[in-house]
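Structure first, then comments.
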Number of protein chains: 2
Amino acid sequence: MDETPGLRERKKAATRLALHEAALRLAIEQGVDGVTVEAIADTANVSRRTFSNYFSGKEEAIFHGDTMRLRRMLELIREQPTDEQPWTVLTRAALRLTEETYLGNMEWLIRRRQLRGHPSLASHQVAAYTVVERELAAELADRLSGDDVELRARVLAAVFLTTMRVAVQDSTEHPDRPLLDVVSAALASAAPA
Amino acid sequence: MDETPGLRERKKAATRLALHEAALRLAIEQGVDGVTVEAIADTANVSRRTFSNYFSGKEEAIFHGDTMRLRRMLELIREQPTDEQPWTVLTRAALRLTEETYLGNMEWLIRRRQLRGHPSLASHQVAAYTVVERELAAELADRLSGDDVELRARVLAAVFLTTMRVAVQDSTEHPDRPLLDVVSAALASAAPA
DNA sequence: TACAAACCTTGCCCAACAGGCAAGTTTGCC
DNA sequence: GGCAAACTTGCCTGTTGGGCAAGGTTTGTA
């Protein structure tokens with residue numbers, strides 16, 4: 001494994017993160033439509049043109065946090081034994097991720113919740129969650145057998161990711177209830193037969 | 001019930017449909033990015049400005065067919081008895097809708113399939129399917145009981161809609177297999193415990 | 001250490017776009 | 001017929017994504 005991913009990569013990650021944070025902060029402060037890409041780039045000390053090299057739009061920048069979480073979740077899933085029930089694997093990964101989120105940069109959760117009331121973002125959040133859908137489906141296909149493995153893997157991946165999305169959305173609307181609760185309740189009610 | 005929804009409404013529906021058809025046709029012919037909103041409006045014999053009164057972008061126009069199908073599905077769901085298992089109700093509605101689609105304007109299915117290979121649309125398709133999510137969740141909430149009705153209704157709605165989406169996507173990628181087959185296989189594998 | 005190739009950032013540019021506004025036109029209703 | 005509400009359109013402006021090429025930085029290699 002790479003101890004240090006190289007200076008170039010580290011710088012890129014830093015810039016991406018800076019843009020994400022700027023986007024998130026400004027969107028919370030001034031509303032999503034009140035922020036221009038230029039303002040975000042400014043805040044992160046890069047040119048507007050550079051912003052476009054990292055994200056295809058401000059919404060993508062805003063949801064980069066969700067994207068990173070989902071990538072991490074993919075890792076957690078891949079780490080697990082292949083001889084267990086797929087839904088069990090998915091549930092465990094989701095709960096671990098949620099714990100990590102609480103223990104680690106709780107910032108994410110706090111600021112994420114402040115996006116409540118900007119419903120124009122909903123469709124972009126959905127999009128963020130479907131980006132990893134194919135990757136997850138491929139992983140799950142290896143863990144299934146029988147007929148229609150392709151289709152069933154895709155359905156399972158989509159169902160799982162959409163459940164996670166609903167849990168996060170619901171949690172931003174009911175900030176008093178612990179995220180872990182919401183996630184496990186949501187997953188329980190979506191568990192396939 | 002309104003026998004005639006009024007001339008105004010009929011004209012609007014006709015314009016919306018004309019824009020949708022134009023968008024779909026041009027997108028298939030020239031690729032999604034190769035088409036301008038102006039060209040679509042032109043083809044439908046309205047001004048570019050009027051296009052904006054109907055749709056917020058070309059992708060929304062392209063997926064108006066899906067949107068109509070989903071609205072129809074909501075009707076089919078509402079028509080059904082409230083004392084049956086929610087998933088049974090949803091499955092039946094989905095299958096009926098699919099039959100209708102085959103019997104009626106099969107055009108939709110044919111041209112829908114020709115969008116294959118324009119993956120930039122994927123996120124917008126997902127968005128189209130989530131538009132009705134809240135409405136469906138509200139309907140389902142009335143049909144559930146026990147704890148967490150709100151959350152479970154949302155999860156159920158999201159799971160169902162995402163399954164339908166995957167089925168349609170999968171069907172566009174495997175045009176040889178009947179849509180009804182794919183839909184019922186997908187729903188079966190997503191059925192909650 | 002030197003140097004070339006690969007890669008990033010930036011400014012410049014342009015076509016496309018969303019949506020506010022106001023004037024003109026059509027429809028619904030009495 | 002005639003009035004009010006709703007719709008269409010043209011005009012306009014600020015914003016956007018992304019192509020291109022000129023610099024600067026990092027990396028791998030010798």
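Starting from 1 in every chain, residues are counted up; chains themselves are A, B, ... following the order of the structure tokens, and ligands are numbered from 1 as listed.
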
Exercise. Name the residues of segment 80-187 of chain B that come out as helix (DSSP H, G or I) in a backbone DSSP run; write them as a VMD selection string.
Key: chain B and resid 86 to 103 106 to 113 119 to 131 133 to 141 149 to 173 179 to 187

Can you work out which residues from chain A touch chain B at a cut-off of 6 Å (counting only C-alpha atoms) and hand them back as an MDAnalysis selection string?
chainID A and resid 123 127 155 159 163 190:193

Open item on the list: When you look at Arg16 of chain B with a cut-off of 9 Å (counting only C-alpha atoms (C1' of nucleotides)), what residues show up, excluding the ones that are within fewer than 6 positions of it in the same chain? I need them as a ChimeraX atom specification.
Closed with: /B:51,54-55,61,64

Grab the residues selected above and save them as a PDB file, in the first residue's frame with C-alpha atoms.
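Produced file selection_33.pdb, reproduced below:
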ATOM      1  CA  PHE B  51     -39.970  25.931 -23.109  1.00  0.00           C
ATOM      2  CA  TYR B  54     -42.844  24.059 -18.960  1.00  0.00           C
ATOM      3  CA  PHE B  55     -39.555  22.412 -18.095  1.00  0.00           C
ATOM      4  CA  ALA B  61     -38.453  17.310 -20.893  1.00  0.00           C
ATOM      5  CA  HIS B  64     -41.627  13.645 -18.960  1.00  0.00           C
TER       6      HIS B  64
END

Query - Contact set, chain A to chain C: 12 Å, only C-alpha atoms (C1' of nucleotides), as a list in words - result: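 So the residues of chain A near chain C are Arg8, Glu9, Lys11, Lys12, Thr15, Asp33, Asn45, Val46, Ser47, Arg48, Arg49, Thr50, Phe51, Ser52, Asn53 and Tyr54 of chain A.
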
Kindly determine which residues of chain A lie within 9 Å of chain D, considering only C-alpha atoms (C1' of nucleotides), and give the answer as a PyMOL selection string.
chain A and resi 7-8+36-37+52+56-57

To one decimal place, how far is atom CA of Gly146 of chain B from atom CA of Ala94 of chain B in Å?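 Atom-to-atom, atom CA of Gly146 of chain B and atom CA of Ala94 of chain B are spaced 25.6 Å apart.
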
Between atom CA of Thr172 of chain B and atom CA of Leu121 of chain B, what is the spacing in Å?
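Separation of atom CA of Leu121 of chain B and atom CA of Thr172 of chain B: 13.0 Å.
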
Next on the checklist: Would you compute the distance between atom CA of Arg25 of chain A and atom CA of Ile40 of chain A? Give it in Å to one decimal.
Outcome noted: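 Atom CA of Arg25 of chain A sits 9.2 Å away from atom CA of Ile40 of chain A.
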
Test item: residues at most 9 Å from Leu90 of chain A, only C-alpha atoms (C1' of nucleotides), excluding those fewer than 5 positions along its chain, as a ChimeraX atom specification: /A:73,76-77,85,95,160

Near Ile62 of chain B, counting only C-alpha atoms (C1' of nucleotides), which residues have an atom at most 9 Å away, once you skip same-chain residues fewer than 4 positions from it, shown as a PDB file with N, CA and C atoms, in the first residue's frame?
ATOM      1  N   LEU B  19     -43.407  19.235 -26.632  1.00  0.00           N
ATOM      2  CA  LEU B  19     -42.028  19.527 -26.219  1.00  0.00           C
ATOM      3  C   LEU B  19     -41.318  18.237 -25.815  1.00  0.00           C
ATOM      4  N   HIS B  20     -42.019  17.411 -25.075  1.00  0.00           N
ATOM      5  CA  HIS B  20     -41.432  16.136 -24.657  1.00  0.00           C
ATOM      6  C   HIS B  20     -41.035  15.292 -25.866  1.00  0.00           C
ATOM      7  N   GLU B  21     -41.960  15.168 -26.800  1.00  0.00           N
ATOM      8  CA  GLU B  21     -41.670  14.331 -27.969  1.00  0.00           C
ATOM      9  C   GLU B  21     -40.496  14.891 -28.763  1.00  0.00           C
ATOM     10  N   ALA B  22     -40.502  16.194 -28.928  1.00  0.00           N
ATOM     11  CA  ALA B  22     -39.407  16.825 -29.665  1.00  0.00           C
ATOM     12  C   ALA B  22     -38.081  16.574 -28.955  1.00  0.00           C
ATOM     13  N   ALA B  23     -38.084  16.760 -27.643  1.00  0.00           N
ATOM     14  CA  ALA B  23     -36.858  16.570 -26.882  1.00  0.00           C
ATOM     15  C   ALA B  23     -36.359  15.145 -27.019  1.00  0.00           C
ATOM     16  N   LEU B  24     -37.274  14.202 -26.902  1.00  0.00           N
ATOM     17  CA  LEU B  24     -36.900  12.796 -26.967  1.00  0.00           C
ATOM     18  C   LEU B  24     -36.337  12.462 -28.346  1.00  0.00           C
ATOM     19  N   ARG B  25     -37.051  12.906 -29.371  1.00  0.00           N
ATOM     20  CA  ARG B  25     -36.622  12.569 -30.727  1.00  0.00           C
ATOM     21  C   ARG B  25     -35.254  13.169 -31.039  1.00  0.00           C
ATOM     22  N   ALA B  27     -32.981  14.191 -28.998  1.00  0.00           N
ATOM     23  CA  ALA B  27     -31.925  13.627 -28.158  1.00  0.00           C
ATOM     24  C   ALA B  27     -31.450  12.296 -28.718  1.00  0.00           C
ATOM     25  N   GLY B  57     -35.323  22.247 -17.876  1.00  0.00           N
ATOM     26  CA  GLY B  57     -34.135  21.868 -18.633  1.00  0.00           C
ATOM     27  C   GLY B  57     -34.491  20.747 -19.589  1.00  0.00           C
ATOM     28  N   LYS B  58     -33.598  20.454 -20.537  1.00  0.00           N
ATOM     29  CA  LYS B  58     -33.980  19.465 -21.539  1.00  0.00           C
ATOM     30  C   LYS B  58     -34.159  18.075 -20.944  1.00  0.00           C
ATOM     31  N   ASP B  66     -41.594   9.310 -18.447  1.00  0.00           N
ATOM     32  CA  ASP B  66     -41.466   8.552 -17.209  1.00  0.00           C
ATOM     33  C   ASP B  66     -42.325   9.175 -16.115  1.00  0.00           C
TER      34      ASP B  66
END
